[in-house]
Amino acid sequence: MAKLDESLLSGLPPFSLLGRAQIREILDQARTQRFDEGAQVFCEGMDATHFHLLLDGYLRVVRTTPGGDQIIVLHISPGQLFGIAAALHRDTYPATAVTAAESIVLTWPSHLWEGFTSKYDGFATETYKTLGRRLGQIQDTMTEIATQAVEQRVAAAILRMVNQSGRKTDAGIEVGFPVTRQNISDMTGTTLHTVSRTLSAWEKDGIVRSTRKHIVVTAPHRLVQLCGH
DNA sequence: TCATTAAGTATGC
DNA sequence: GCATACTTAATGA
């Protein structure tokens with residue numbers, strides 16, 4: 001594989017304070033991997049041998065309940081570190097990471113983590129910020145599931161995806177990776193049938209337009225109204 | 001209000 | 001043409 005350019009990392013928060021030489025150093029210790037849509041980068045319970053950064057694509061972080069159904073905990077966007085709770089404390093991964101779209105991932109052995117946090121300025125603090133944001137987001141979702149009606153939860157989930165990955169189209173703003181009704185039900189604690197009915201109703205109301213695995217939000221303000229924030 | 005069952009259509013490799 | 005994605009109606013907790 002060809003050498004990666006320093007510019008790939010230079011803009012990203014964990015590395016923003018670093019010079020070219022340091023970024024070169026970090027890149028030279030990384031392995032690059034491409035994953036097809038739907039592939040697992042690591043699996044819940046596996047030995048946490050590596051930590052990762054998503055260069056391109058999108059990931060779902062998934063936990064499987066004892067009952068066997070899966071819930072989508074959060075999504076990872078390009079430029080974000082993941083599989084890092086492992087590098088901090090745990091010896092196994094607490095969740096499974098599945099690619100939502102074809103993805104490029106940088107990977108480092110976990111034993112480098114200590115050195116990264118002590119050696120590279122800003123790396124540790126930015127990582128804590130990321131973890132804090134994710135924890136906050138998970139808590140928001142938990143609160144929604146406990147207190148909000150299904151329609152509001154689905155609205156919030158779609159808004160979250162759009163905020164994280166939205167791309168403009170002529171019709172509106174589109175979720176930047178493939179999503180199924182089933183995926184949305186796994187984020188909101190409902191069934192794919194209810195999600196399907198909800199989206200159909202919104203489509204009639206002109207709030208969204210959707211085709212298989214693609215959702216375009218045509219009236220974002222109305223979705224915001226629906227979830228009541 | 002929503003899950004479940006069931007029975008269908010649409011879509012894309 | 002088959003698996004997967006999606007839709008809709010009916011029923012009942």
# chains A, B, ... in the order shown; residues from 1 in each chain; ligands from 1
$ residues_around --residues "DT4 in chain C" --least-positions-apart "2" --cutoff "10 Å" --atoms "only C-alpha atoms (C1' of nucleotides)" --output "ChimeraX atom specification"
/B:11-12 /C:2,6
$ closest_atom_pairs --of "chain C" --to "chain A" --cutoff "9 Å" --atoms "only C-alpha atoms (C1' of nucleotides)" --output "Markdown table"
| residue | atom | partner | partner_atom | distance |
| --- | --- | --- | --- | --- |
| C:DA5 | C1' | A:Arg212 | CA | 6.4 |
| C:DC6 | C1' | A:Ser196 | CA | 7.3 |
| C:DT7 | C1' | A:Ser196 | CA | 7.3 |
| C:DT8 | C1' | A:Arg197 | CA | 8.4 |
$ closest_atom_pairs --of "chain A" --to "chain B" --cutoff "9 Å" --atoms "only C-alpha atoms (C1' of nucleotides)" --output "CSV"
residue,atom,partner,partner_atom,distance
A:Ala149,CA,B:DT1,C1',8.4
A:Val150,CA,B:DC2,C1',8.3
A:Thr190,CA,B:DA3,C1',8.3
A:Thr191,CA,B:DA3,C1',7.5
A:Thr194,CA,B:DC2,C1',7.9
A:Arg212,CA,B:DT11,C1',7.7
$ residues_around --residues "Met161 in chain A" --least-positions-apart "3" --cutoff "8 Å" --atoms "only C-alpha atoms (C1' of nucleotides)" --output "ChimeraX atom specification"
/A:75,157-158,164-166,175-176
$ write_last_selection --atoms "N, CA and C atoms" --output "CSV table (one decimal), in the first residue's frame"
chain,number,residue,atom,x,y,z
A,75,HIS,N,-23.2,6.0,15.8
A,75,HIS,CA,-22.5,6.0,14.5
A,75,HIS,C,-21.2,6.7,14.6
A,157,ALA,N,-33.7,10.2,15.8
A,157,ALA,CA,-32.6,9.4,15.2
A,157,ALA,C,-32.2,9.8,13.8
A,158,ILE,N,-33.3,10.2,13.0
A,158,ILE,CA,-33.0,10.6,11.6
A,158,ILE,C,-32.2,12.0,11.7
A,164,GLN,N,-24.9,14.3,11.4
A,164,GLN,CA,-23.6,13.8,11.4
A,164,GLN,C,-23.1,13.5,10.0
A,165,SER,N,-24.0,13.2,9.1
A,165,SER,CA,-23.5,12.7,7.8
A,165,SER,C,-24.3,13.3,6.6
A,166,GLY,N,-25.2,14.3,6.9
A,166,GLY,CA,-26.0,14.8,5.9
A,166,GLY,C,-25.3,15.4,4.7
A,175,VAL,N,-29.3,11.4,4.3
A,175,VAL,CA,-28.4,10.7,5.2
A,175,VAL,C,-27.3,10.1,4.4
A,176,GLY,N,-26.1,10.3,4.8
A,176,GLY,CA,-24.9,10.1,4.0
A,176,GLY,C,-24.4,8.6,3.9
$ residues_around --residues "His52 in chain A" --least-positions-apart "5" --cutoff "10 Å" --atoms "only C-alpha atoms (C1' of nucleotides)" --output "NGL selection string"
:A and (30-32 or 41-42 or 80-84 or 87 or 105-110)
$ residues_around --residues "Thr92 in chain A" --least-positions-apart "6" --cutoff "7 Å" --atoms "only C-alpha atoms (C1' of nucleotides)" --output "list in words"
Gly45, Met46, Asp47, Ala48 and Ala86 of chain A
$ write_last_selection --atoms "N, CA, C and O atoms" --output "PDB file, in the first residue's frame"
ATOM      1  N   GLY A  45     -16.534  -8.347  22.749  1.00  0.00           N
ATOM      2  CA  GLY A  45     -15.947  -9.432  23.516  1.00  0.00           C
ATOM      3  C   GLY A  45     -14.567  -9.886  23.030  1.00  0.00           C
ATOM      4  O   GLY A  45     -13.864 -10.591  23.734  1.00  0.00           O
ATOM      5  N   MET A  46     -14.200  -9.459  21.810  1.00  0.00           N
ATOM      6  CA  MET A  46     -12.881  -9.817  21.280  1.00  0.00           C
ATOM      7  C   MET A  46     -11.767  -9.121  22.056  1.00  0.00           C
ATOM      8  O   MET A  46     -11.962  -8.044  22.600  1.00  0.00           O
ATOM      9  N   ASP A  47     -10.593  -9.713  22.065  1.00  0.00           N
ATOM     10  CA  ASP A  47      -9.425  -9.066  22.644  1.00  0.00           C
ATOM     11  C   ASP A  47      -9.172  -7.734  21.951  1.00  0.00           C
ATOM     12  O   ASP A  47      -9.091  -7.681  20.721  1.00  0.00           O
ATOM     13  N   ALA A  48      -9.033  -6.698  22.754  1.00  0.00           N
ATOM     14  CA  ALA A  48      -8.868  -5.358  22.181  1.00  0.00           C
ATOM     15  C   ALA A  48      -7.415  -5.124  21.823  1.00  0.00           C
ATOM     16  O   ALA A  48      -6.680  -4.425  22.512  1.00  0.00           O
ATOM     17  N   ALA A  86     -11.280   0.461  24.744  1.00  0.00           N
ATOM     18  CA  ALA A  86     -10.404  -0.689  24.882  1.00  0.00           C
ATOM     19  C   ALA A  86      -8.978  -0.271  25.222  1.00  0.00           C
ATOM     20  O   ALA A  86      -8.363  -0.806  26.137  1.00  0.00           O
TER      21      ALA A  86
END
$ atom_distance --atom1 "CA of Val98 in chain A" --atom2 "CA of Gln40 in chain A"
4.4 Å
$ select_by_dssp --residues "range 92-215 of chain A" --states "alpha helix (DSSP H)" --output "NGL selection string"
:A and (113-119 or 123-147 or 150-165 or 181-188 or 192-204)
$ select_by_dssp --residues "range 114-177 of chain A" --states "strand (DSSP E or B)" --output "PDB file with all heavy atoms, in the first residue's frame"
ATOM      1  N   ARG A 167     -25.780  15.125   3.498  1.00  0.00           N
ATOM      2  CA  ARG A 167     -25.244  15.769   2.302  1.00  0.00           C
ATOM      3  C   ARG A 167     -26.410  16.401   1.556  1.00  0.00           C
ATOM      4  O   ARG A 167     -27.506  15.840   1.481  1.00  0.00           O
ATOM      5  CB  ARG A 167     -24.525  14.747   1.421  1.00  0.00           C
ATOM      6  CG  ARG A 167     -25.329  13.491   1.141  1.00  0.00           C
ATOM      7  CD  ARG A 167     -24.691  12.664   0.066  1.00  0.00           C
ATOM      8  NE  ARG A 167     -23.641  11.800   0.568  1.00  0.00           N
ATOM      9  CZ  ARG A 167     -23.624  10.460   0.412  1.00  0.00           C
ATOM     10  NH1 ARG A 167     -24.611   9.867  -0.244  1.00  0.00           N
ATOM     11  NH2 ARG A 167     -22.642   9.748   0.856  1.00  0.00           N
ATOM     12  N   LYS A 168     -26.146  17.567   1.003  1.00  0.00           N
ATOM     13  CA  LYS A 168     -27.203  18.291   0.299  1.00  0.00           C
ATOM     14  C   LYS A 168     -27.515  17.634  -1.045  1.00  0.00           C
ATOM     15  O   LYS A 168     -26.618  17.242  -1.770  1.00  0.00           O
ATOM     16  CB  LYS A 168     -26.797  19.751   0.069  1.00  0.00           C
ATOM     17  CG  LYS A 168     -27.312  20.690   1.150  1.00  0.00           C
ATOM     18  CD  LYS A 168     -26.192  21.515   1.772  1.00  0.00           C
ATOM     19  CE  LYS A 168     -26.648  22.147   3.082  1.00  0.00           C
ATOM     20  NZ  LYS A 168     -25.573  22.170   4.095  1.00  0.00           N
ATOM     21  N   ILE A 173     -31.846  17.269   2.283  1.00  0.00           N
ATOM     22  CA  ILE A 173     -30.594  16.792   2.865  1.00  0.00           C
ATOM     23  C   ILE A 173     -30.709  15.298   3.136  1.00  0.00           C
ATOM     24  O   ILE A 173     -31.679  14.838   3.727  1.00  0.00           O
ATOM     25  CB  ILE A 173     -30.220  17.614   4.114  1.00  0.00           C
ATOM     26  CG1 ILE A 173     -28.966  17.074   4.785  1.00  0.00           C
ATOM     27  CG2 ILE A 173     -31.349  17.719   5.105  1.00  0.00           C
ATOM     28  CD1 ILE A 173     -28.216  18.142   5.541  1.00  0.00           C
ATOM     29  N   GLU A 174     -29.706  14.562   2.649  1.00  0.00           N
ATOM     30  CA  GLU A 174     -29.781  13.106   2.651  1.00  0.00           C
ATOM     31  C   GLU A 174     -28.837  12.491   3.673  1.00  0.00           C
ATOM     32  O   GLU A 174     -27.712  12.956   3.853  1.00  0.00           O
ATOM     33  CB  GLU A 174     -29.416  12.577   1.258  1.00  0.00           C
ATOM     34  CG  GLU A 174     -29.437  11.059   1.168  1.00  0.00           C
ATOM     35  CD  GLU A 174     -29.146  10.547  -0.240  1.00  0.00           C
ATOM     36  OE1 GLU A 174     -28.603  11.310  -1.063  1.00  0.00           O
ATOM     37  OE2 GLU A 174     -29.473   9.374  -0.506  1.00  0.00           O
TER      38      GLU A 174
END
$ atom_distance --atom1 "CA of Arg90 in chain A" --atom2 "CA of Gln29 in chain A"
21.9 Å
$ atom_distance --atom1 "CA of Val162 in chain A" --atom2 "CA of Leu223 in chain A"
11.0 Å
$ residues_around --residues "Pro178 in chain A" --least-positions-apart "5" --cutoff "7 Å" --atoms "only C-alpha atoms (C1' of nucleotides)" --output "PDB file with N, CA, C and O atoms, in the first residue's frame"
ATOM      1  N   ALA A 100     -21.240   0.802   7.880  1.00  0.00           N
ATOM      2  CA  ALA A 100     -22.532   1.124   7.289  1.00  0.00           C
ATOM      3  C   ALA A 100     -22.372   1.399   5.800  1.00  0.00           C
ATOM      4  O   ALA A 100     -23.332   1.350   5.039  1.00  0.00           O
ATOM      5  N   ALA A 101     -21.144   1.686   5.403  1.00  0.00           N
ATOM      6  CA  ALA A 101     -20.812   1.896   3.993  1.00  0.00           C
ATOM      7  C   ALA A 101     -19.377   1.416   3.823  1.00  0.00           C
ATOM      8  O   ALA A 101     -18.694   1.142   4.811  1.00  0.00           O
ATOM      9  N   LYS A 213     -32.947   2.073   1.284  1.00  0.00           N
ATOM     10  CA  LYS A 213     -31.689   2.408   1.963  1.00  0.00           C
ATOM     11  C   LYS A 213     -31.275   3.879   1.874  1.00  0.00           C
ATOM     12  O   LYS A 213     -30.180   4.237   2.305  1.00  0.00           O
ATOM     13  N   HIS A 214     -32.137   4.729   1.291  1.00  0.00           N
ATOM     14  CA  HIS A 214     -31.795   6.150   1.211  1.00  0.00           C
ATOM     15  C   HIS A 214     -32.923   6.992   1.781  1.00  0.00           C
ATOM     16  O   HIS A 214     -34.092   6.757   1.470  1.00  0.00           O
TER      17      HIS A 214
END
$ residues_around --residues "Leu199 in chain A" --least-positions-apart "3" --cutoff "9 Å" --atoms "only C-alpha atoms (C1' of nucleotides)" --output "PDB file with N, CA and C atoms, in the first residue's frame"
ATOM      1  N   VAL A 154     -37.977   8.334  16.343  1.00  0.00           N
ATOM      2  CA  VAL A 154     -37.539   8.129  14.964  1.00  0.00           C
ATOM      3  C   VAL A 154     -37.088   9.455  14.369  1.00  0.00           C
ATOM      4  N   ARG A 181     -35.019   0.427   7.253  1.00  0.00           N
ATOM      5  CA  ARG A 181     -36.043   0.591   8.308  1.00  0.00           C
ATOM      6  C   ARG A 181     -35.639  -0.196   9.544  1.00  0.00           C
ATOM      7  N   THR A 194     -43.246  -0.299  12.261  1.00  0.00           N
ATOM      8  CA  THR A 194     -43.625   1.022  12.758  1.00  0.00           C
ATOM      9  C   THR A 194     -42.798   2.108  12.071  1.00  0.00           C
ATOM     10  N   VAL A 195     -41.493   1.844  11.879  1.00  0.00           N
ATOM     11  CA  VAL A 195     -40.649   2.816  11.187  1.00  0.00           C
ATOM     12  C   VAL A 195     -41.158   3.017   9.764  1.00  0.00           C
ATOM     13  N   SER A 196     -41.501   1.916   9.105  1.00  0.00           N
ATOM     14  CA  SER A 196     -42.006   2.004   7.734  1.00  0.00           C
ATOM     15  C   SER A 196     -43.283   2.855   7.664  1.00  0.00           C
ATOM     16  N   TRP A 202     -44.791  10.433   6.855  1.00  0.00           N
ATOM     17  CA  TRP A 202     -43.991  11.652   6.663  1.00  0.00           C
ATOM     18  C   TRP A 202     -43.820  11.960   5.183  1.00  0.00           C
ATOM     19  N   GLU A 203     -43.695  10.895   4.387  1.00  0.00           N
ATOM     20  CA  GLU A 203     -43.539  11.096   2.949  1.00  0.00           C
ATOM     21  C   GLU A 203     -44.798  11.762   2.380  1.00  0.00           C
ATOM     22  N   LYS A 204     -45.978  11.297   2.824  1.00  0.00           N
ATOM     23  CA  LYS A 204     -47.236  11.922   2.393  1.00  0.00           C
ATOM     24  C   LYS A 204     -47.298  13.382   2.817  1.00  0.00           C
ATOM     25  N   ILE A 207     -42.350  15.604   4.384  1.00  0.00           N
ATOM     26  CA  ILE A 207     -41.240  15.847   5.306  1.00  0.00           C
ATOM     27  C   ILE A 207     -39.979  15.116   4.858  1.00  0.00           C
ATOM     28  N   VAL A 208     -40.163  13.894   4.321  1.00  0.00           N
ATOM     29  CA  VAL A 208     -39.019  13.126   3.829  1.00  0.00           C
ATOM     30  C   VAL A 208     -39.344  12.539   2.459  1.00  0.00           C
ATOM     31  N   ARG A 209     -38.314  12.098   1.772  1.00  0.00           N
ATOM     32  CA  ARG A 209     -38.450  11.305   0.557  1.00  0.00           C
ATOM     33  C   ARG A 209     -37.523  10.124   0.763  1.00  0.00           C
ATOM     34  N   SER A 210     -38.014   8.919   0.542  1.00  0.00           N
ATOM     35  CA  SER A 210     -37.086   7.814   0.741  1.00  0.00           C
ATOM     36  C   SER A 210     -37.250   6.733  -0.312  1.00  0.00           C
TER      37      SER A 210
END
$ decode --residues "chain B" --atoms "C-alpha atoms (C1' of nucleotides)" --output "CSV table (one decimal), in the first residue's frame"
chain,number,residue,atom,x,y,z
B,1,DT,C1',-50.2,3.9,21.1
B,2,DC,C1',-47.7,0.4,19.5
B,3,DA,C1',-46.1,-4.8,18.6
B,4,DT,C1',-47.3,-8.7,16.1
B,5,DT,C1',-48.8,-11.4,12.5
B,6,DA,C1',-49.4,-12.0,8.0
B,7,DA,C1',-49.5,-11.3,3.3
B,8,DG,C1',-48.4,-8.8,-0.1
B,9,DT,C1',-45.1,-5.5,-3.7
B,10,DA,C1',-40.6,-3.6,-5.2
B,11,DT,C1',-35.8,-3.7,-5.9
B,12,DG,C1',-31.3,-5.0,-7.1
B,13,DC,C1',-27.5,-8.3,-7.6
